[in-house]
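Reproduced below: entry25.cif, with mmCIF, C-alpha atoms and all ligand atoms.
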```
data_run
loop_
_atom_site.label_atom_id
_atom_site.label_comp_id
_atom_site.auth_asym_id
_atom_site.auth_seq_id
_atom_site.Cartn_x
_atom_site.Cartn_y
_atom_site.Cartn_z
CA MET Q 24 105.64 97.52 133.33
CA PRO Q 25 104.91 98.98 129.88
CA THR Q 26 101.28 99.94 129.24
CA ALA Q 27 99.43 99.49 125.94
CA LEU Q 28 96.07 101.01 124.99
CA VAL Q 29 94.09 99.02 122.42
CA THR Q 30 90.88 100.31 120.81
CA GLY Q 31 88.36 97.70 119.72
CA ALA Q 32 89.92 95.43 122.33
CA THR Q 33 87.01 93.09 123.00
CA ALA Q 34 86.84 91.17 119.71
CA GLY Q 35 88.83 90.01 116.71
CA ILE Q 36 92.22 91.52 115.97
CA GLY Q 37 92.11 93.91 118.95
CA ALA Q 38 91.40 91.07 121.40
CA GLU Q 39 94.29 89.10 119.87
CA PHE Q 40 96.60 92.09 120.45
CA THR Q 41 95.52 92.29 124.10
CA ARG Q 42 96.17 88.56 124.73
CA HIS Q 43 99.57 88.74 123.07
CA LEU Q 44 100.61 91.92 124.90
CA ALA Q 45 99.34 90.63 128.26
CA GLY Q 46 101.33 87.43 127.63
CA ASP Q 47 104.42 89.64 127.26
CA GLY Q 48 103.67 91.19 130.68
CA CYS Q 49 102.20 94.43 129.37
CA ASP Q 50 99.57 96.32 131.41
CA LEU Q 51 96.55 97.24 129.33
CA VAL Q 52 93.89 99.86 128.73
CA LEU Q 53 90.96 98.35 126.81
CA VAL Q 54 88.66 100.60 124.75
CA ALA Q 55 85.29 99.63 123.23
CA ARG Q 56 81.58 100.52 123.57
CA ASP Q 57 80.11 97.44 125.27
CA GLU Q 58 80.82 97.96 128.99
CA GLU Q 59 79.83 94.50 130.14
CA ARG Q 60 81.99 92.80 127.51
CA LEU Q 61 84.92 95.09 128.39
CA ALA Q 62 84.63 94.06 132.06
CA ARG Q 63 84.56 90.35 131.12
CA THR Q 64 87.55 90.70 128.77
CA ALA Q 65 89.54 92.60 131.40
CA ALA Q 66 88.79 90.02 134.10
CA ALA Q 67 89.96 87.17 131.85
CA LEU Q 68 93.21 88.98 131.01
CA ARG Q 69 93.92 89.70 134.70
CA THR Q 70 93.27 86.06 135.65
CA ASP Q 71 95.18 84.51 132.74
CA HIS Q 72 98.20 86.83 132.72
CA GLY Q 73 98.35 88.67 136.07
CA VAL Q 74 98.63 92.10 134.43
CA ALA Q 75 96.85 95.33 135.41
CA VAL Q 76 93.91 96.06 133.10
CA GLU Q 77 91.88 99.30 132.92
CA VAL Q 78 88.73 99.63 130.87
CA LEU Q 79 87.58 102.73 129.04
CA VAL Q 80 84.05 102.71 127.65
CA ALA Q 81 84.13 104.97 124.61
CA ASP Q 82 82.30 105.24 121.30
CA LEU Q 83 84.92 106.48 118.86
CA ALA Q 84 82.20 107.66 116.50
CA THR Q 85 81.55 110.47 119.03
CA ASP Q 86 83.57 113.50 120.13
CA ASP Q 87 83.19 112.58 123.80
CA GLY Q 88 84.44 109.05 123.16
CA ILE Q 89 87.49 110.24 121.26
CA ALA Q 90 88.21 112.91 123.89
CA ALA Q 91 88.14 110.31 126.68
CA VAL Q 92 90.79 108.24 124.90
CA GLU Q 93 92.85 111.36 124.11
CA ARG Q 94 92.89 112.21 127.83
CA ARG Q 95 94.04 108.70 128.76
CA VAL Q 96 96.87 108.48 126.22
CA ALA Q 97 98.03 112.01 127.13
CA GLN Q 98 98.76 110.66 130.63
CA GLY Q 99 101.36 108.41 128.98
CA VAL Q 100 101.25 104.92 127.50
CA ASP Q 101 104.01 102.94 125.77
CA LEU Q 102 101.99 101.54 122.88
CA VAL Q 103 98.72 102.54 121.20
CA VAL Q 104 96.91 100.17 118.85
CA ASN Q 105 94.26 102.16 116.96
CA ASN Q 106 92.31 99.12 115.87
CA ALA Q 107 88.57 99.82 116.30
CA GLY Q 108 86.74 99.78 113.00
CA PHE Q 109 83.87 98.34 111.03
CA GLY Q 110 82.82 97.44 107.48
CA GLN Q 111 80.20 99.00 105.26
CA ARG Q 112 76.66 97.93 104.55
CA GLY Q 113 75.76 98.47 100.91
CA ASP Q 114 77.28 100.58 98.20
CA PHE Q 115 77.82 104.32 98.32
CA LEU Q 116 74.54 105.30 96.69
CA THR Q 117 72.45 102.97 98.85
CA SER Q 118 74.32 103.27 102.14
CA ASP Q 119 73.32 105.39 105.10
CA VAL Q 120 75.28 108.66 104.90
CA ALA Q 121 75.37 108.87 108.70
CA GLU Q 122 77.12 105.50 108.76
CA GLU Q 123 79.65 106.65 106.14
CA LEU Q 124 80.42 109.70 108.30
CA ALA Q 125 80.67 107.58 111.45
CA MET Q 126 83.19 105.42 109.59
CA LEU Q 127 85.34 108.47 108.81
CA LYS Q 128 85.11 109.48 112.47
CA VAL Q 129 86.22 106.07 113.79
CA HIS Q 130 88.76 105.23 111.07
CA CYS Q 131 90.24 108.71 110.51
CA GLU Q 132 89.39 111.38 113.09
CA ALA Q 133 89.81 109.08 116.11
CA VAL Q 134 93.09 107.72 114.73
CA LEU Q 135 94.40 111.25 114.07
CA ARG Q 136 93.44 112.65 117.47
CA ILE Q 137 94.53 109.64 119.54
CA THR Q 138 97.87 109.41 117.67
CA ARG Q 139 98.50 113.12 118.23
CA ALA Q 140 97.62 112.96 121.94
CA ALA Q 141 99.76 109.85 122.49
CA LEU Q 142 102.83 111.21 120.72
CA GLY Q 143 103.38 114.13 123.13
CA PRO Q 144 104.52 112.10 126.14
CA MET Q 145 106.16 109.45 123.93
CA LEU Q 146 108.36 112.02 122.17
CA GLU Q 147 109.26 113.64 125.50
CA ARG Q 148 110.39 110.23 126.78
CA GLY Q 149 112.03 109.26 123.49
CA SER Q 150 110.27 105.90 123.27
CA GLY Q 151 106.92 104.40 122.31
CA GLY Q 152 104.92 103.08 119.40
CA VAL Q 153 101.61 103.52 117.58
CA ILE Q 154 100.08 100.84 115.37
CA ASN Q 155 97.24 102.11 113.19
CA VAL Q 156 95.23 99.21 111.81
CA ALA Q 157 94.35 99.90 108.16
CA SER Q 158 93.63 97.13 105.62
CA VAL Q 159 94.79 95.69 102.30
CA ALA Q 160 91.69 97.49 101.02
CA ALA Q 161 93.67 100.72 101.50
CA PHE Q 162 95.41 100.00 98.18
CA PHE Q 163 92.24 99.47 96.14
CA SER Q 164 89.07 101.42 95.35
CA ARG Q 165 86.23 99.85 97.30
CA GLY Q 166 84.05 102.50 98.84
CA THR Q 167 84.48 104.76 101.83
CA TYR Q 168 85.95 101.81 103.74
CA SER Q 169 88.99 101.51 101.46
CA ALA Q 170 89.26 105.31 101.13
CA SER Q 171 89.37 105.70 104.92
CA LYS Q 172 91.97 102.93 105.25
CA GLY Q 173 94.04 104.56 102.49
CA TRP Q 174 94.03 107.68 104.64
CA VAL Q 175 95.27 105.65 107.63
CA VAL Q 176 98.25 104.34 105.62
CA THR Q 177 99.28 107.75 104.23
CA PHE Q 178 98.72 109.51 107.56
CA SER Q 179 100.71 106.95 109.56
CA ASP Q 180 103.61 106.93 107.11
CA SER Q 181 103.73 110.71 107.05
CA VAL Q 182 103.81 110.99 110.86
CA ARG Q 183 106.46 108.25 110.94
CA GLN Q 184 108.68 110.32 108.66
CA GLN Q 185 108.17 113.48 110.72
CA ILE Q 186 109.30 111.81 113.96
CA ASN Q 187 112.10 109.76 112.41
CA GLY Q 188 115.02 109.36 114.83
CA SER Q 189 112.94 110.27 117.90
CA GLY Q 190 112.82 106.74 119.32
CA VAL Q 191 109.05 106.66 118.69
CA HIS Q 192 107.65 104.64 115.79
CA VAL Q 193 104.29 104.88 114.00
CA MET Q 194 103.29 101.97 111.75
CA ALA Q 195 100.29 101.18 109.56
CA LEU Q 196 99.16 97.55 109.70
CA CYS Q 197 97.31 96.27 106.62
CA PRO Q 198 95.65 92.91 107.20
CA GLY Q 199 93.73 90.99 104.57
CA TRP Q 200 90.90 88.62 105.56
CA VAL Q 201 90.89 87.57 109.22
CA ARG Q 202 88.06 85.56 110.81
CA THR Q 203 86.54 87.97 113.35
CA GLU Q 204 83.11 89.50 114.03
CA PHE Q 205 83.81 92.15 111.36
CA HIS Q 206 82.09 90.44 108.42
CA GLN Q 207 79.01 89.34 110.31
CA ARG Q 208 78.62 92.79 111.90
CA SER Q 209 78.58 94.44 108.48
CA GLY Q 210 76.52 91.76 106.77
CA MET Q 211 79.25 90.53 104.40
CA ASP Q 212 79.07 87.26 102.55
CA THR Q 213 82.52 85.68 102.83
CA ALA Q 214 81.57 82.26 101.43
CA GLY Q 215 83.55 82.80 98.22
CA ILE Q 216 86.83 83.80 99.90
CA PRO Q 217 89.46 81.11 99.16
CA GLY Q 218 91.09 79.48 102.17
CA PHE Q 219 94.61 80.71 101.42
CA LEU Q 220 93.49 84.33 101.79
CA TRP Q 221 92.43 83.89 105.44
CA LEU Q 222 95.11 85.07 107.86
CA ASP Q 223 95.72 83.56 111.28
CA ALA Q 224 95.11 86.29 113.90
CA THR Q 225 97.84 85.07 116.26
CA ARG Q 226 100.50 85.07 113.55
CA LEU Q 227 99.25 88.43 112.32
CA VAL Q 228 99.74 90.05 115.73
CA THR Q 229 103.14 88.40 116.32
CA GLY Q 230 104.30 89.67 112.91
CA ALA Q 231 102.88 93.16 113.50
CA LEU Q 232 104.71 93.59 116.82
CA ARG Q 233 107.92 92.29 115.23
CA ASP Q 234 107.53 94.77 112.34
CA LEU Q 235 106.96 97.59 114.83
CA ARG Q 236 110.22 96.73 116.63
CA ARG Q 237 112.03 96.64 113.25
CA GLY Q 238 110.70 100.07 112.25
CA VAL Q 239 108.66 98.85 109.28
CA ALA Q 240 106.56 101.67 107.78
CA VAL Q 241 103.64 99.66 106.43
CA SER Q 242 103.22 96.10 107.63
CA VAL Q 243 101.39 93.74 105.25
CA PRO Q 244 100.94 90.24 106.67
CA GLY Q 245 101.03 87.31 104.26
CA LEU Q 246 102.75 86.75 100.91
CA PRO Q 247 99.51 86.63 98.84
CA TYR Q 248 98.66 90.13 100.03
CA ARG Q 249 102.15 91.49 99.40
CA ILE Q 250 101.84 90.19 95.83
CA LEU Q 251 98.34 91.68 95.48
CA ILE Q 252 99.54 95.08 96.66
CA GLY Q 253 102.61 94.84 94.41
CA LEU Q 254 100.28 94.22 91.44
CA GLY Q 255 98.20 97.16 92.60
CA ARG Q 256 101.24 99.39 92.23
CA VAL Q 257 102.05 98.38 88.64
CA LEU Q 258 98.65 97.63 87.05
CA PRO Q 259 96.29 100.37 85.85
CA ARG Q 260 93.72 101.47 88.46
CA ARG Q 261 90.83 100.03 86.42
CA ALA Q 262 92.43 96.57 86.49
CA THR Q 263 93.25 96.61 90.20
CA THR Q 264 89.71 97.68 91.07
CA ARG Q 265 88.40 94.65 89.13
CA LEU Q 266 90.97 92.41 90.83
CA ALA Q 267 89.94 93.67 94.27
CA ALA Q 268 86.29 93.05 93.47
CA ARG Q 269 87.15 89.40 92.63
CA ALA Q 270 89.25 88.86 95.77
CA GLY Q 271 86.64 90.55 97.95
CA SER Q 272 83.21 89.88 99.32
CA ARG Q 273 80.02 91.63 98.31
CA HIS Q 274 81.38 94.74 100.06
CA ALA Q 275 84.80 96.33 100.43
CA HIS Q 276 86.98 94.61 102.92
N1 LIG N 1 88.69 91.09 110.00
C1 LIG N 1 89.22 91.41 108.85
O1 LIG N 1 89.17 90.63 107.88
C2 LIG N 1 89.95 92.74 108.70
C3 LIG N 1 90.73 92.92 107.56
C4 LIG N 1 91.42 94.12 107.37
C5 LIG N 1 91.32 95.10 108.33
N2 LIG N 1 90.56 94.92 109.43
C6 LIG N 1 90.51 96.01 110.41
O2 LIG N 1 90.88 95.50 111.66
C7 LIG N 1 90.27 96.27 112.70
C8 LIG N 1 89.61 95.33 113.69
O3 LIG N 1 88.63 94.58 113.01
P1 LIG N 1 88.11 93.17 113.51
O4 LIG N 1 88.00 92.32 112.32
O5 LIG N 1 88.88 92.68 114.67
O6 LIG N 1 86.61 93.59 113.95
P2 LIG N 1 85.60 93.00 115.05
O7 LIG N 1 85.86 91.57 115.34
O8 LIG N 1 84.23 93.38 114.55
O9 LIG N 1 85.94 93.86 116.37
C9 LIG N 1 85.71 95.24 116.38
C10 LIG N 1 86.10 95.83 117.74
O10 LIG N 1 86.01 97.26 117.64
C11 LIG N 1 85.09 97.76 118.62
N3 LIG N 1 84.39 98.90 118.03
C12 LIG N 1 83.64 98.92 116.91
N4 LIG N 1 83.14 100.14 116.70
C13 LIG N 1 83.59 100.93 117.72
C14 LIG N 1 83.40 102.29 118.08
N5 LIG N 1 82.58 103.10 117.37
N6 LIG N 1 84.01 102.78 119.17
C15 LIG N 1 84.81 101.96 119.93
N7 LIG N 1 85.02 100.66 119.64
C16 LIG N 1 84.40 100.15 118.55
C17 LIG N 1 84.17 96.54 118.95
O11 LIG N 1 83.62 96.58 120.27
P3 LIG N 1 82.20 97.31 120.58
O12 LIG N 1 81.22 96.84 119.55
O13 LIG N 1 81.85 96.91 121.99
O14 LIG N 1 82.47 98.78 120.50
C18 LIG N 1 85.20 95.41 118.87
O15 LIG N 1 85.94 95.35 120.06
C19 LIG N 1 89.30 97.23 112.00
O16 LIG N 1 89.89 98.50 111.92
C20 LIG N 1 89.13 96.62 110.62
O17 LIG N 1 88.82 97.61 109.64
C21 LIG N 1 89.86 93.76 109.64
#
```

In structure tokens, write the structure found in this file.
Amino acid sequence: MPTALVTGATAGIGAEFTRHLAGDGCDLVLVARDEERLARTAAALRTDHGVAVEVLVADLATDDGIAAVERRVAQGVDLVVNNAGFGQRGDFLTSDVAEELAMLKVHCEAVLRITRAALGPMLERGSGGVINVASVAAFFSRGTYSASKGWVVTFSDSVRQQINGSGVHVMALCPGWVRTEFHQRSGMDTAGIPGFLWLDATRLVTGALRDLRRGVAVSVPGLPYRILIGLGRVLPRRATTRLAARAGSRHAH
């Protein structure tokens, strides 16, 4: 049985990945902070899909938490989904600096270290995959959130190039709006987001796993977002920042 480790596995996009992978017969390692919720999620996956499920309680904003996940992936897994993440409260000048730094730790340092630790055994075996969940925000200027997700895209693509031909694939996944706990957790007002910009989580995960198999470098679900990112590449930065502010909530997405 292949084994997949998913961070942020108890809610939203991560939970959708776990259900999809379990449905495909994949054993799982679930990572998040809330131990009780992890246990409940694992029990449901075992009952519904008959797969083996481990839980790993880890706060990826801490060195110990990241190290625990590094140790687990170094033992060998077939797929890593670096998905854990959160949105920002407030703008740069009013936000809590500790929260900004925690965001860099979860979105960047944890992704770097877990990817590195996972690749060792994968490259030795000549097979495996890493999906690093970024965001459409990676292509626009909207605070530390979008800056950190921009890092995820560039980092993932650069590692992908370096291991090209190894049988191991690293892909950045850039979702737009998905209805999860993300917006409520970070106090975002999503009332003005038009319906056509909301992505279906099930289709998003199906498409992401298909793109991983096809060796796509940066997976962007949904035509509206591919158009938005295309515009971002040709329009001046000033214009795309204004466009992103219109398509976004009160805070970066
Ligand atoms: N939803 C969207 O519209 C959207 C759009 C673009 C990109 N994304 C990205 O997609 C990813 C998943 O977001 P989501 O919308 O599914 O969020 P979500 O519903 O809020 O779920 C977040 C998950 O991450 C875990 N988590 C949060 N902080 C953690 C930490 N410090 N250490 C370990 N686990 C942590 C949470 O569990 P615990 O609280 O128990 O730790 C939970 O399982 C994020 O990287 C986000 O930036 C989301």

Using 7 Å as the limit and counting only C-alpha atoms and all ligand atoms, can you tabulate each residue of chain Q that touches ligand LIG 1 (chain N), with its shortest atom-to-atom distance in Å and the two atoms involved, as CSV?
```
residue,atom,partner,partner_atom,distance
Q:Thr30,CA,N:LIG1,N7,6.0
Q:Gly31,CA,N:LIG1,O10,3.2
Q:Ala32,CA,N:LIG1,O15,4.6
Q:Thr33,CA,N:LIG1,O15,3.9
Q:Ala34,CA,N:LIG1,O15,4.3
Q:Gly35,CA,N:LIG1,O5,3.4
Q:Ile36,CA,N:LIG1,O5,3.8
Q:Gly37,CA,N:LIG1,O5,5.5
Q:Val54,CA,N:LIG1,N7,6.3
Q:Ala55,CA,N:LIG1,N7,3.7
Q:Arg56,CA,N:LIG1,O14,3.6
Q:Asp57,CA,N:LIG1,O13,3.8
Q:Arg60,CA,N:LIG1,O13,6.9
Q:Ala81,CA,N:LIG1,C15,5.6
Q:Asp82,CA,N:LIG1,N6,3.7
Q:Leu83,CA,N:LIG1,N6,3.8
Q:Ala84,CA,N:LIG1,N5,4.7
Q:Asn106,CA,N:LIG1,O16,4.7
Q:Ala107,CA,N:LIG1,O10,3.9
Q:Gly108,CA,N:LIG1,O16,3.6
Q:Phe109,CA,N:LIG1,O17,5.2
Q:Gly110,CA,N:LIG1,O17,6.4
Q:Val129,CA,N:LIG1,N5,5.9
Q:His130,CA,N:LIG1,O16,6.9
Q:Val156,CA,N:LIG1,O16,5.4
Q:Ala157,CA,N:LIG1,C5,5.7
Q:Ser158,CA,N:LIG1,C5,4.1
Q:Val159,CA,N:LIG1,C4,6.3
Q:Cys197,CA,N:LIG1,C4,6.3
Q:Pro198,CA,N:LIG1,C4,4.4
Q:Gly199,CA,N:LIG1,C3,4.7
Q:Trp200,CA,N:LIG1,O1,3.5
Q:Val201,CA,N:LIG1,O1,3.8
Q:Arg202,CA,N:LIG1,N1,5.6
Q:Thr203,CA,N:LIG1,O7,4.2
Q:Glu204,CA,N:LIG1,O7,3.7
Q:Phe205,CA,N:LIG1,O8,3.4
Q:His206,CA,N:LIG1,N1,6.8
Q:Arg208,CA,N:LIG1,O8,6.2
Q:His276,CA,N:LIG1,C3,6.2
```

Closest pair table for stretch 121-217 of chain Q residues within 9 Å of stretch 233-257 of chain Q, all atoms listed in the file, as JSON lines:
```
{"residue": "Q:Gly152", "atom": "CA", "partner": "Q:Leu235", "partner_atom": "CA", "distance": 7.4}
{"residue": "Q:Val153", "atom": "CA", "partner": "Q:Leu235", "partner_atom": "CA", "distance": 8.4}
{"residue": "Q:Ile154", "atom": "CA", "partner": "Q:Leu235", "partner_atom": "CA", "distance": 7.6}
{"residue": "Q:Ser158", "atom": "CA", "partner": "Q:Val243", "partner_atom": "CA", "distance": 8.5}
{"residue": "Q:Val159", "atom": "CA", "partner": "Q:Tyr248", "partner_atom": "CA", "distance": 7.1}
{"residue": "Q:Phe162", "atom": "CA", "partner": "Q:Ile252", "partner_atom": "CA", "distance": 6.6}
{"residue": "Q:Phe163", "atom": "CA", "partner": "Q:Gly255", "partner_atom": "CA", "distance": 7.3}
{"residue": "Q:Val176", "atom": "CA", "partner": "Q:Val241", "partner_atom": "CA", "distance": 7.2}
{"residue": "Q:Ser179", "atom": "CA", "partner": "Q:Ala240", "partner_atom": "CA", "distance": 8.1}
{"residue": "Q:Asp180", "atom": "CA", "partner": "Q:Ala240", "partner_atom": "CA", "distance": 6.1}
{"residue": "Q:Arg183", "atom": "CA", "partner": "Q:Ala240", "partner_atom": "CA", "distance": 7.3}
{"residue": "Q:Gln184", "atom": "CA", "partner": "Q:Ala240", "partner_atom": "CA", "distance": 8.9}
{"residue": "Q:His192", "atom": "CA", "partner": "Q:Gly238", "partner_atom": "CA", "distance": 6.5}
{"residue": "Q:Val193", "atom": "CA", "partner": "Q:Ala240", "partner_atom": "CA", "distance": 7.4}
{"residue": "Q:Met194", "atom": "CA", "partner": "Q:Ala240", "partner_atom": "CA", "distance": 5.2}
{"residue": "Q:Ala195", "atom": "CA", "partner": "Q:Val241", "partner_atom": "CA", "distance": 4.8}
{"residue": "Q:Leu196", "atom": "CA", "partner": "Q:Ser242", "partner_atom": "CA", "distance": 4.8}
{"residue": "Q:Cys197", "atom": "CA", "partner": "Q:Val243", "partner_atom": "CA", "distance": 5.0}
{"residue": "Q:Pro198", "atom": "CA", "partner": "Q:Pro244", "partner_atom": "CA", "distance": 5.9}
{"residue": "Q:Gly199", "atom": "CA", "partner": "Q:Tyr248", "partner_atom": "CA", "distance": 6.8}
```

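Reported to one decimal place, the separation of atom CA of Q:Tyr168 from atom CA of Q:Phe115 is 10.1 Å.
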
- Message: Residues within 9 Å of Q:Thr41, please, as a PyMOL selection string. Count all atoms listed in the file; anything in the same chain fewer than 6 positions from it doesn't count.
- Response: chain Q and resi 27-29+32-33+49+51+53+68

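Distances from Q:Asp119, Q:Lys128, Q:His43, Q:Asn105 to Q:Asn155 were compared using all atoms listed in the file, and the smallest one belongs to Q:Asn105.
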
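The interatomic distance for the pair atom CA of Q:Pro25 and atom CA of Q:Asp50 works out to 6.2 Å.
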
- Item | Exercise: Q:Met145 partners within 10 Å, all atoms listed in the file, chain neighbours under 2 positions left out, as an MDAnalysis selection string | chainID Q and resid 96:97 99:102 140:143 147:153 189:192

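If all atoms listed in the file are the atoms counted, then among Q:Val104, Q:Leu124, Q:Val78, Q:Ala90 the closest residue to Q:Arg136 is Q:Ala90.
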
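Rounded to one decimal, atom CA of Q:Arg95 and atom CA of Q:Cys131 lie 18.6 Å from each other.
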
- Message: Using all atoms listed in the file, which protein or nucleic acid residues come within 12 Å of Q:Gly73? Drop anything in the same chain fewer than 2 positions from it, and give the result as an MDAnalysis selection string.
- Response: chainID Q and resid 24 42 44:51 65:71 75:76

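You can rank Q:Ser164, Q:Thr229, Q:Met126, Q:Asp223 by their closest distance to Q:Pro259 using all atoms listed in the file, and at the top of that list sits Q:Ser164.
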
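Comparing Q:Val182, Q:Ile89, Q:Leu135, Q:Ala267 by their smallest distance to Q:Gly166, the closest is Q:Ala267 (using all atoms listed in the file).
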
Output file request: stretch 122-130 of chain Q, with all heavy atoms, as an mmCIF file, in the first residue's frame.
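Now in out-v7.cif:
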```cif
data_model
loop_
_atom_site.group_PDB
_atom_site.id
_atom_site.type_symbol
_atom_site.label_atom_id
_atom_site.label_comp_id
_atom_site.auth_asym_id
_atom_site.auth_seq_id
_atom_site.Cartn_x
_atom_site.Cartn_y
_atom_site.Cartn_z
ATOM 1 N N GLU Q 122 2.861 36.697 14.564
ATOM 2 C CA GLU Q 122 2.002 35.903 13.682
ATOM 3 C C GLU Q 122 2.564 35.872 12.248
ATOM 4 O O GLU Q 122 2.506 34.860 11.560
ATOM 5 C CB GLU Q 122 0.576 36.458 13.685
ATOM 6 C CG GLU Q 122 -0.408 35.479 13.059
ATOM 7 C CD GLU Q 122 -1.839 36.021 12.997
ATOM 8 O OE1 GLU Q 122 -2.241 36.700 13.949
ATOM 9 O OE2 GLU Q 122 -2.522 35.750 11.991
ATOM 10 N N GLU Q 123 3.137 37.005 11.831
ATOM 11 C CA GLU Q 123 3.762 37.061 10.496
ATOM 12 C C GLU Q 123 4.912 36.041 10.437
ATOM 13 O O GLU Q 123 5.084 35.327 9.454
ATOM 14 C CB GLU Q 123 4.333 38.458 10.232
ATOM 15 C CG GLU Q 123 3.307 39.572 10.285
ATOM 16 C CD GLU Q 123 2.877 40.062 8.916
ATOM 17 O OE1 GLU Q 123 3.595 39.819 7.943
ATOM 18 O OE2 GLU Q 123 1.804 40.675 8.831
ATOM 19 N N LEU Q 124 5.710 35.996 11.519
ATOM 20 C CA LEU Q 124 6.853 35.078 11.538
ATOM 21 C C LEU Q 124 6.388 33.621 11.613
ATOM 22 O O LEU Q 124 6.982 32.742 10.989
ATOM 23 C CB LEU Q 124 7.784 35.407 12.712
ATOM 24 C CG LEU Q 124 8.502 36.761 12.577
ATOM 25 C CD1 LEU Q 124 9.261 37.104 13.852
ATOM 26 C CD2 LEU Q 124 9.453 36.755 11.385
ATOM 27 N N ALA Q 125 5.305 33.386 12.360
ATOM 28 C CA ALA Q 125 4.754 32.029 12.439
ATOM 29 C C ALA Q 125 4.277 31.584 11.051
ATOM 30 O O ALA Q 125 4.431 30.420 10.657
ATOM 31 C CB ALA Q 125 3.604 31.983 13.437
ATOM 32 N N MET Q 126 3.730 32.550 10.303
ATOM 33 C CA MET Q 126 3.269 32.233 8.947
ATOM 34 C C MET Q 126 4.445 31.800 8.071
ATOM 35 O O MET Q 126 4.359 30.817 7.332
ATOM 36 C CB MET Q 126 2.574 33.455 8.351
ATOM 37 C CG MET Q 126 2.146 33.253 6.914
ATOM 38 S SD MET Q 126 1.077 34.566 6.362
ATOM 39 C CE MET Q 126 -0.478 34.061 7.071
ATOM 40 N N LEU Q 127 5.558 32.532 8.166
ATOM 41 C CA LEU Q 127 6.737 32.143 7.376
ATOM 42 C C LEU Q 127 7.231 30.757 7.799
ATOM 43 O O LEU Q 127 7.680 29.971 6.974
ATOM 44 C CB LEU Q 127 7.864 33.169 7.544
ATOM 45 C CG LEU Q 127 7.624 34.550 6.930
ATOM 46 C CD1 LEU Q 127 8.843 35.438 7.119
ATOM 47 C CD2 LEU Q 127 7.300 34.445 5.437
ATOM 48 N N LYS Q 128 7.114 30.461 9.085
ATOM 49 C CA LYS Q 128 7.579 29.158 9.584
ATOM 50 C C LYS Q 128 6.704 28.023 9.008
ATOM 51 O O LYS Q 128 7.220 27.023 8.527
ATOM 52 C CB LYS Q 128 7.519 29.158 11.120
ATOM 53 C CG LYS Q 128 8.257 28.041 11.757
ATOM 54 C CD LYS Q 128 9.383 28.552 12.624
ATOM 55 C CE LYS Q 128 10.174 27.388 13.201
ATOM 56 N NZ LYS Q 128 11.509 27.777 13.623
ATOM 57 N N VAL Q 129 5.387 28.223 9.063
ATOM 58 C CA VAL Q 129 4.473 27.168 8.587
ATOM 59 C C VAL Q 129 4.494 27.083 7.052
ATOM 60 O O VAL Q 129 4.584 25.993 6.482
ATOM 61 C CB VAL Q 129 3.022 27.430 9.081
ATOM 62 C CG1 VAL Q 129 2.063 26.382 8.509
ATOM 63 C CG2 VAL Q 129 2.958 27.437 10.595
ATOM 64 N N HIS Q 130 4.423 28.238 6.391
ATOM 65 C CA HIS Q 130 4.299 28.229 4.924
ATOM 66 C C HIS Q 130 5.633 27.971 4.220
ATOM 67 O O HIS Q 130 5.633 27.444 3.113
ATOM 68 C CB HIS Q 130 3.731 29.560 4.422
ATOM 69 C CG HIS Q 130 2.293 29.777 4.787
ATOM 70 N ND1 HIS Q 130 1.594 30.908 4.446
ATOM 71 C CD2 HIS Q 130 1.406 29.000 5.461
ATOM 72 C CE1 HIS Q 130 0.353 30.826 4.892
ATOM 73 N NE2 HIS Q 130 0.218 29.678 5.519
#
```
